[in-house]
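Enquirer: Compact mmCIF, C-alpha atoms, file model-v2.txt:
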```
# COMPACT_ATOMS: atom_id res chain seq x y z
CA MET A 1 18.13 -98.99 -59.90
CA MET A 2 16.95 -98.60 -56.25
CA THR A 3 16.58 -101.78 -54.26
CA GLY A 4 13.67 -102.60 -51.99
CA LYS A 5 15.69 -101.55 -48.95
CA GLY A 6 16.52 -98.25 -50.63
CA VAL A 7 12.86 -97.59 -51.25
CA LEU A 8 12.08 -98.25 -47.60
CA ARG A 9 14.86 -95.93 -46.45
CA LEU A 10 13.60 -93.18 -48.75
CA ALA A 11 10.04 -93.62 -47.47
CA LEU A 12 11.29 -93.45 -43.90
CA VAL A 13 13.24 -90.24 -44.60
CA VAL A 14 10.18 -88.66 -46.25
CA SER A 15 7.96 -89.65 -43.30
CA ILE A 16 10.37 -88.23 -40.72
CA GLY A 17 10.72 -85.02 -42.73
CA ALA A 18 6.96 -84.60 -42.90
CA ALA A 19 6.65 -85.18 -39.16
CA LEU A 20 9.32 -82.59 -38.45
CA MET A 21 7.58 -80.08 -40.72
CA GLY A 22 4.35 -80.79 -38.85
CA CYS A 23 6.02 -80.15 -35.49
CA SER A 24 7.52 -76.95 -36.81
CA GLY A 25 4.10 -75.79 -38.03
CA ASN A 26 2.45 -76.65 -34.72
CA LYS A 27 5.12 -74.74 -32.80
CA LYS A 28 4.60 -71.71 -35.01
CA LYS A 29 0.85 -71.85 -34.40
CA SER A 30 1.45 -72.23 -30.66
CA ASP A 31 3.78 -69.23 -30.60
CA MET A 32 1.22 -67.16 -32.51
CA ALA A 33 -1.55 -68.17 -30.09
CA MET A 34 0.59 -67.28 -27.06
CA GLN A 35 1.43 -63.89 -28.56
CA GLU A 36 -2.24 -63.22 -29.30
CA ALA A 37 -3.21 -64.20 -25.73
CA SER A 38 -0.54 -61.85 -24.36
CA GLU A 39 -1.86 -58.99 -26.50
CA LEU A 40 -5.41 -59.66 -25.30
CA ARG A 41 -4.30 -59.60 -21.66
CA GLU A 42 -2.61 -56.24 -22.23
CA ARG A 43 -5.75 -54.87 -23.89
CA ASN A 44 -7.91 -56.09 -21.00
CA ALA A 45 -5.57 -54.49 -18.46
CA THR A 46 -5.74 -51.21 -20.38
CA LEU A 47 -9.55 -51.37 -20.50
CA ASP A 48 -9.75 -52.19 -16.77
CA GLN A 49 -7.61 -49.17 -15.92
CA ALA A 50 -9.70 -46.96 -18.18
CA ASN A 51 -12.86 -48.14 -16.41
CA ARG A 52 -11.34 -47.43 -13.00
CA ASP A 53 -10.30 -43.95 -14.12
CA LYS A 54 -13.81 -43.33 -15.47
CA ASP A 55 -15.43 -44.46 -12.19
CA ALA A 56 -13.12 -42.21 -10.19
CA ARG A 57 -13.97 -39.24 -12.42
CA ILE A 58 -17.72 -39.93 -12.07
CA ALA A 59 -17.40 -40.12 -8.28
CA GLU A 60 -15.45 -36.85 -8.25
CA LEU A 61 -18.07 -35.06 -10.37
CA GLU A 62 -20.93 -36.39 -8.26
CA THR A 63 -19.17 -35.20 -5.10
CA LYS A 64 -18.82 -31.73 -6.62
CA LEU A 65 -22.48 -31.71 -7.58
CA ALA A 66 -23.61 -32.87 -4.13
CA ASN A 67 -21.52 -30.21 -2.42
CA CYS A 68 -22.83 -27.52 -4.76
CA VAL A 69 -26.48 -28.47 -4.16
CA THR A 70 -26.04 -28.72 -0.39
CA THR A 71 -24.24 -25.38 -0.20
CA GLN A 72 -27.01 -23.69 -2.20
CA GLN A 73 -29.64 -25.10 0.14
CA GLN A 74 -27.91 -23.86 3.31
CA PRO A 75 -29.02 -20.46 4.68
CA ALA A 76 -26.62 -17.54 4.68
CA TRP A 77 -25.06 -17.25 8.10
CA GLY A 78 -24.39 -13.50 7.89
CA GLY A 79 -22.54 -12.21 10.92
CA GLY A 80 -24.32 -14.43 13.44
CA GLN A 81 -23.89 -18.02 14.57
CA PRO A 82 -25.89 -21.06 13.37
CA ALA A 83 -28.63 -22.40 15.60
CA THR A 84 -26.35 -25.17 16.84
CA GLY A 85 -23.91 -22.63 18.29
CA PHE A 86 -21.09 -23.99 16.06
CA PRO A 87 -19.48 -22.05 13.21
CA PRO A 88 -20.07 -23.24 9.66
CA ALA A 89 -17.43 -25.65 8.34
CA ASN A 90 -14.65 -24.46 6.10
CA GLU A 91 -15.56 -25.52 2.58
CA TRP A 92 -12.91 -27.32 0.56
CA GLN A 93 -13.23 -27.43 -3.18
CA PRO A 94 -12.98 -31.04 -4.35
CA GLY A 95 -9.95 -31.56 -6.54
CA ASN A 96 -8.60 -34.32 -8.73
CA ASP A 97 -7.71 -36.25 -5.59
CA GLY A 98 -11.45 -36.78 -4.87
CA GLY A 99 -11.53 -34.92 -1.57
CA ALA A 100 -14.55 -33.07 -0.21
CA GLY A 101 -15.32 -30.69 2.65
CA PHE A 102 -17.93 -30.79 5.38
CA VAL A 103 -21.50 -29.98 4.35
CA ARG A 104 -24.73 -30.18 6.30
CA ASN A 105 -26.82 -33.29 5.60
CA ASP A 106 -30.58 -33.79 5.88
CA ASP A 107 -30.23 -34.78 9.56
CA GLY A 108 -28.60 -31.45 10.40
CA ASN A 109 -25.18 -33.02 11.00
CA MET A 110 -21.98 -32.16 9.16
CA VAL A 111 -20.58 -34.76 6.79
CA ALA A 112 -17.43 -35.05 4.68
CA THR A 113 -17.39 -37.67 1.92
CA ILE A 114 -14.20 -39.16 0.47
CA ALA A 115 -14.30 -41.48 -2.55
CA GLY A 116 -13.28 -45.04 -1.72
CA ASN A 117 -10.59 -45.22 -4.41
CA VAL A 118 -8.88 -42.18 -2.87
CA LEU A 119 -8.46 -44.01 0.43
CA PHE A 120 -8.08 -47.68 -0.50
CA ASP A 121 -7.08 -50.01 -3.31
CA SER A 122 -9.74 -52.38 -4.59
CA GLY A 123 -10.55 -55.08 -2.02
CA SER A 124 -8.18 -53.54 0.54
CA ALA A 125 -8.66 -51.91 3.94
CA THR A 126 -5.14 -50.49 4.11
CA LEU A 127 -5.00 -46.71 3.71
CA LYS A 128 -3.09 -45.44 0.69
CA SER A 129 -0.24 -43.05 1.42
CA GLY A 130 -2.07 -40.32 -0.50
CA ALA A 131 -5.16 -40.75 1.68
CA LYS A 132 -3.47 -39.02 4.59
CA LYS A 133 -3.68 -35.67 2.81
CA GLN A 134 -7.48 -35.88 2.82
CA LEU A 135 -7.72 -37.25 6.35
CA ASP A 136 -5.39 -34.58 7.72
CA ARG A 137 -7.92 -31.98 6.54
CA ILE A 138 -10.60 -33.89 8.43
CA VAL A 139 -8.40 -33.91 11.54
CA ARG A 140 -7.96 -30.13 11.43
CA GLU A 141 -11.72 -29.63 11.30
CA LEU A 142 -12.42 -32.13 14.07
CA LYS A 143 -9.82 -30.49 16.33
CA GLY A 144 -10.94 -26.99 15.39
CA ASN A 145 -14.55 -26.18 14.42
CA TYR A 146 -15.89 -29.48 15.84
CA LYS A 147 -13.70 -29.98 18.88
CA GLY A 148 -15.23 -32.40 21.37
CA LEU A 149 -18.21 -33.41 19.21
CA PRO A 150 -19.05 -37.09 18.56
CA VAL A 151 -17.88 -38.42 15.21
CA GLN A 152 -19.12 -41.39 13.21
CA VAL A 153 -16.94 -42.88 10.48
CA GLU A 154 -19.12 -44.74 7.98
CA GLY A 155 -17.77 -47.24 5.45
CA HIS A 156 -19.79 -47.91 2.28
CA THR A 157 -19.33 -50.22 -0.72
CA ASP A 158 -21.16 -50.92 -3.97
CA SER A 159 -23.35 -53.99 -4.42
CA ASP A 160 -20.82 -56.10 -6.35
CA PRO A 161 -19.84 -59.27 -4.49
CA ILE A 162 -16.24 -59.42 -3.24
CA ARG A 163 -14.00 -61.47 -5.51
CA LYS A 164 -10.37 -60.38 -5.17
CA SER A 165 -10.24 -60.62 -1.36
CA LYS A 166 -13.28 -62.79 -0.62
CA GLY A 167 -11.20 -65.15 1.49
CA LYS A 168 -10.19 -62.25 3.75
CA TRP A 169 -13.42 -60.24 4.12
CA GLY A 170 -16.22 -62.52 2.96
CA THR A 171 -18.86 -59.78 2.69
CA ASN A 172 -19.12 -56.13 1.71
CA GLU A 173 -20.23 -55.36 5.26
CA ALA A 174 -17.02 -56.82 6.69
CA LEU A 175 -14.88 -54.90 4.19
CA SER A 176 -16.68 -51.61 4.85
CA GLN A 177 -16.30 -52.11 8.62
CA ALA A 178 -12.57 -52.76 8.24
CA ARG A 179 -12.23 -49.57 6.18
CA ALA A 180 -14.16 -47.51 8.72
CA ASP A 181 -11.94 -48.92 11.48
CA ALA A 182 -8.80 -47.99 9.48
CA VAL A 183 -9.98 -44.38 9.12
CA LYS A 184 -10.87 -44.22 12.83
CA THR A 185 -7.43 -45.51 13.77
CA TYR A 186 -5.74 -42.87 11.62
CA LEU A 187 -7.84 -40.02 13.03
CA ALA A 188 -7.01 -41.17 16.55
CA SER A 189 -3.30 -41.37 15.69
CA GLN A 190 -3.43 -37.69 14.73
CA GLY A 191 -4.82 -36.55 18.04
CA VAL A 192 -8.60 -36.97 17.71
CA SER A 193 -9.74 -38.79 20.84
CA SER A 194 -10.82 -42.32 19.95
CA SER A 195 -13.57 -42.07 22.57
CA ARG A 196 -15.27 -39.52 20.30
CA ILE A 197 -15.21 -41.78 17.27
CA ASP A 198 -17.56 -44.59 16.34
CA ALA A 199 -16.83 -46.70 13.23
CA VAL A 200 -19.66 -48.40 11.32
CA GLY A 201 -19.63 -50.51 8.16
CA TYR A 202 -22.82 -50.27 6.11
CA GLY A 203 -21.70 -52.36 3.15
CA SER A 204 -23.95 -51.69 0.16
CA SER A 205 -27.07 -50.84 2.20
CA LYS A 206 -26.87 -47.08 1.44
CA PRO A 207 -26.06 -46.85 -2.27
CA LYS A 208 -25.59 -43.71 -4.35
CA SER A 209 -26.62 -43.21 -7.97
CA THR A 210 -23.57 -45.08 -9.33
CA LYS A 211 -21.30 -47.84 -8.08
CA ALA A 212 -18.33 -45.47 -8.10
CA ALA A 213 -20.16 -42.98 -5.88
CA SER A 214 -21.36 -45.77 -3.60
CA ARG A 215 -17.77 -46.75 -2.76
CA ARG A 216 -16.99 -44.11 -0.15
CA VAL A 217 -16.20 -43.24 3.44
CA GLU A 218 -18.26 -40.59 5.22
CA ILE A 219 -17.10 -38.76 8.34
CA VAL A 220 -20.18 -37.47 10.15
CA VAL A 221 -19.94 -34.90 12.96
CA MET A 222 -22.97 -35.14 15.24
CA THR A 223 -23.73 -31.43 15.63
CA ARG A 224 -27.42 -32.20 16.24
CA GLY A 225 -26.90 -34.75 18.96
```
Could you show the structure in this file as structure tokens?
Expert:
Amino acid sequence: MMTGKGVLRLALVVSIGAALMGCSGNKKKSDMAMQEASELRERNATLDQANRDKDARIAELETKLANCVTTQQQPAWGGGQPATGFPPANEWQPGNDGGAGFVRNDDGNMVATIAGNVLFDSGSATLKSGAKKQLDRIVRELKGNYKGLPVQVEGHTDSDPIRKSKGKWGTNEALSQARADAVKTYLASQGVSSSRIDAVGYGSSKPKSTKAASRRVEIVVMTRG
């Protein structure tokens, strides 16, 4: 027959065992929650990348469409020279890298548009290594067909407020100016006189039809003065 002390010891053992089982169950739930959170983060990262790829593809297609429309609207030069006295620009077919050639805009100047994600990472004003391929094409045109003409490098963003690098840039205007300055610096480093180049950041003040298309840099050659 169990004594009173034995009953107490048994009750204590049962209580401790139950507490340990409770801790084990809580740990299992915690591990499951952490695993689920990790899986959700991976899914979000995958979705974010898919959205960025989609925006880049949209910007690329819109650039192709814009170039096609502008080219169709330009008169055939035939064997003569355009009214400006400058030869027509060499047309580049935009590829998967988002590049574009010079086309004549509504002001009569020549403009080349490069998608922002081709040149810069999100929230950054540091040129990607792959951006040099596109800018080297610009350099060849500026030193060839448009030698000596004034150039304006225009930075543009979408209307979304800056989040990732807000502490560095503060506003879209500041970020777009820094990007325009970075492109100007690169062009000058490749032999285009910096005295020819003006860099302007327009922020989101000149949007395109989509946010992806709005994030861009335009190199404008002032053929019309």
Enquirer: When you look at Pro150 of chain A with a cut-off of 10 Å (counting only C-alpha atoms), what residues show up, excluding the ones that are within fewer than 2 positions of it in the same chain? I need them as a ChimeraX atom specification.
Expert: /A:142,146-148,152,193-198,220-225
Enquirer: Restricting the output to C-alpha atoms, write the selected residues as an mmCIF file, keeping the file's coordinate frame.
Expert:
```cif
data_model
loop_
_atom_site.group_PDB
_atom_site.id
_atom_site.type_symbol
_atom_site.label_atom_id
_atom_site.label_comp_id
_atom_site.auth_asym_id
_atom_site.auth_seq_id
_atom_site.Cartn_x
_atom_site.Cartn_y
_atom_site.Cartn_z
ATOM 1 C CA LEU A 142 -12.420 -32.130 14.070
ATOM 2 C CA TYR A 146 -15.890 -29.480 15.840
ATOM 3 C CA LYS A 147 -13.700 -29.980 18.880
ATOM 4 C CA GLY A 148 -15.230 -32.400 21.370
ATOM 5 C CA GLN A 152 -19.120 -41.390 13.210
ATOM 6 C CA SER A 193 -9.740 -38.790 20.840
ATOM 7 C CA SER A 194 -10.820 -42.320 19.950
ATOM 8 C CA SER A 195 -13.570 -42.070 22.570
ATOM 9 C CA ARG A 196 -15.270 -39.520 20.300
ATOM 10 C CA ILE A 197 -15.210 -41.780 17.270
ATOM 11 C CA ASP A 198 -17.560 -44.590 16.340
ATOM 12 C CA VAL A 220 -20.180 -37.470 10.150
ATOM 13 C CA VAL A 221 -19.940 -34.900 12.960
ATOM 14 C CA MET A 222 -22.970 -35.140 15.240
ATOM 15 C CA THR A 223 -23.730 -31.430 15.630
ATOM 16 C CA ARG A 224 -27.420 -32.200 16.240
ATOM 17 C CA GLY A 225 -26.900 -34.750 18.960
#
```
Enquirer: In Å, rounded to a single decimal, give me how far atom CA of Ile138 of chain A is from atom CA of Ile114 of chain A.
Expert: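 Going from atom CA of Ile114 of chain A over to atom CA of Ile138 of chain A, I get 10.2 Å.
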Enquirer: Might you pull out every residue within 10 Å of Arg179 of chain A, with all atoms listed in the file counted and same-chain residues fewer than 6 positions away left off, and present them as JSON, numbers by chain?
Expert: {"A": [116, 119, 120, 124, 125, 126, 127, 153, 154, 155, 156, 157, 173, 185, 199, 200, 201, 216, 217]}
Enquirer: How far is it from atom CA of Ala115 of chain A to atom CA of Glu218 of chain A, in Å with one decimal?
Expert: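 These atoms are spaced 8.8 Å apart.
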Enquirer: Just checking: using all atoms listed in the file, which residue out of A:Ala178, A:Val118, A:Leu149, A:Val139 ends up closest to Gly191 of chain A?
Expert: A:Val139
Enquirer: Of the residues A:Ser122, A:Gln134, A:Asn105, A:Gln35, which is the one nearest to Val183 of chain A, using all atoms listed in the file?
Expert: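 Of the candidates, the smallest distance to Val183 of chain A is held by A:Gln134.
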Enquirer: To one decimal place, how far is atom CA of Ile58 of chain A from atom CA of Leu40 of chain A in Å?
Expert: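 Computing the Euclidean distance for atom CA of Ile58 of chain A and atom CA of Leu40 of chain A yields 26.8 Å.
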Enquirer: Write out as a PyMOL selection string which residues come within 7 Å of Thr171 of chain A when counting all atoms listed in the file, dropping same-chain ones fewer than 3 positions away.
Expert: chain A and resi 162+174-175
Enquirer: Restricting the calculation to only C-alpha atoms, which member of A:Asn117, A:Lys28, A:Lys133, A:Glu42 is positioned closest to Arg215 of chain A?
Expert: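 Closest residue, counting only C-alpha atoms: A:Asn117.
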Enquirer: Identify which of the residues A:Val103, A:Met34, A:Val192, A:Leu187 lies closest to Gly144 of chain A, counting all atoms listed in the file when measuring atom-to-atom distances.
Expert: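 Among the listed residues, the smallest separation from Gly144 of chain A belongs to A:Val192.
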Enquirer: Starting from the sparse input, extend segment 184-210 of chain A to N, CA and C atoms and give the output as a compact mmCIF listing (two decimals), in the frame of the given file.
Expert:
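Result file result_12.txt:
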```txt
# COMPACT_ATOMS: atom_id res chain seq x y z
N LYS A 184 -10.80 -44.58 11.40
CA LYS A 184 -10.87 -44.22 12.83
C LYS A 184 -9.49 -44.28 13.46
N THR A 185 -8.77 -45.34 13.19
CA THR A 185 -7.43 -45.51 13.77
C THR A 185 -6.51 -44.36 13.35
N TYR A 186 -6.60 -43.96 12.08
CA TYR A 186 -5.74 -42.87 11.62
C TYR A 186 -6.12 -41.55 12.29
N LEU A 187 -7.41 -41.25 12.38
CA LEU A 187 -7.84 -40.02 13.03
C LEU A 187 -7.34 -39.97 14.48
N ALA A 188 -7.46 -41.10 15.16
CA ALA A 188 -7.01 -41.17 16.55
C ALA A 188 -5.50 -40.98 16.65
N SER A 189 -4.76 -41.51 15.66
CA SER A 189 -3.30 -41.37 15.69
C SER A 189 -2.85 -39.93 15.50
N GLN A 190 -3.75 -39.11 14.96
CA GLN A 190 -3.43 -37.69 14.73
C GLN A 190 -3.99 -36.78 15.81
N GLY A 191 -4.44 -37.36 16.90
CA GLY A 191 -4.82 -36.55 18.04
C GLY A 191 -6.30 -36.37 18.28
N VAL A 192 -7.15 -37.00 17.47
CA VAL A 192 -8.60 -36.97 17.71
C VAL A 192 -8.92 -38.10 18.68
N SER A 193 -9.49 -37.78 19.82
CA SER A 193 -9.74 -38.79 20.84
C SER A 193 -10.59 -39.94 20.29
N SER A 194 -10.10 -41.15 20.47
CA SER A 194 -10.82 -42.32 19.95
C SER A 194 -12.17 -42.51 20.65
N SER A 195 -12.30 -41.95 21.86
CA SER A 195 -13.57 -42.07 22.57
C SER A 195 -14.67 -41.26 21.89
N ARG A 196 -14.28 -40.32 21.05
CA ARG A 196 -15.27 -39.52 20.30
C ARG A 196 -15.76 -40.23 19.06
N ILE A 197 -14.99 -41.23 18.60
CA ILE A 197 -15.21 -41.78 17.27
C ILE A 197 -15.87 -43.14 17.32
N ASP A 198 -16.92 -43.29 16.53
CA ASP A 198 -17.56 -44.59 16.34
C ASP A 198 -17.37 -44.97 14.87
N ALA A 199 -17.04 -46.23 14.60
CA ALA A 199 -16.83 -46.70 13.23
C ALA A 199 -17.89 -47.73 12.88
N VAL A 200 -18.56 -47.53 11.73
CA VAL A 200 -19.66 -48.40 11.32
C VAL A 200 -19.48 -48.78 9.85
N GLY A 201 -19.67 -50.06 9.54
CA GLY A 201 -19.63 -50.51 8.16
C GLY A 201 -21.03 -50.82 7.66
N TYR A 202 -21.48 -50.09 6.65
CA TYR A 202 -22.82 -50.27 6.11
C TYR A 202 -22.86 -51.15 4.86
N GLY A 203 -21.71 -51.57 4.37
CA GLY A 203 -21.70 -52.36 3.15
C GLY A 203 -22.35 -51.62 2.01
N SER A 204 -23.27 -52.29 1.31
CA SER A 204 -23.95 -51.69 0.16
C SER A 204 -25.37 -51.24 0.50
N SER A 205 -25.69 -51.11 1.79
CA SER A 205 -27.07 -50.84 2.20
C SER A 205 -27.50 -49.39 1.96
N LYS A 206 -26.54 -48.49 1.69
CA LYS A 206 -26.87 -47.08 1.44
C LYS A 206 -26.22 -46.63 0.14
N PRO A 207 -26.71 -47.15 -0.99
CA PRO A 207 -26.06 -46.85 -2.27
C PRO A 207 -26.31 -45.43 -2.76
N LYS A 208 -25.42 -44.96 -3.62
CA LYS A 208 -25.59 -43.71 -4.35
C LYS A 208 -26.06 -44.03 -5.77
N SER A 209 -26.07 -43.03 -6.62
CA SER A 209 -26.62 -43.21 -7.97
C SER A 209 -25.75 -44.09 -8.86
N THR A 210 -24.46 -44.21 -8.56
CA THR A 210 -23.57 -45.08 -9.33
C THR A 210 -22.74 -45.93 -8.37
```
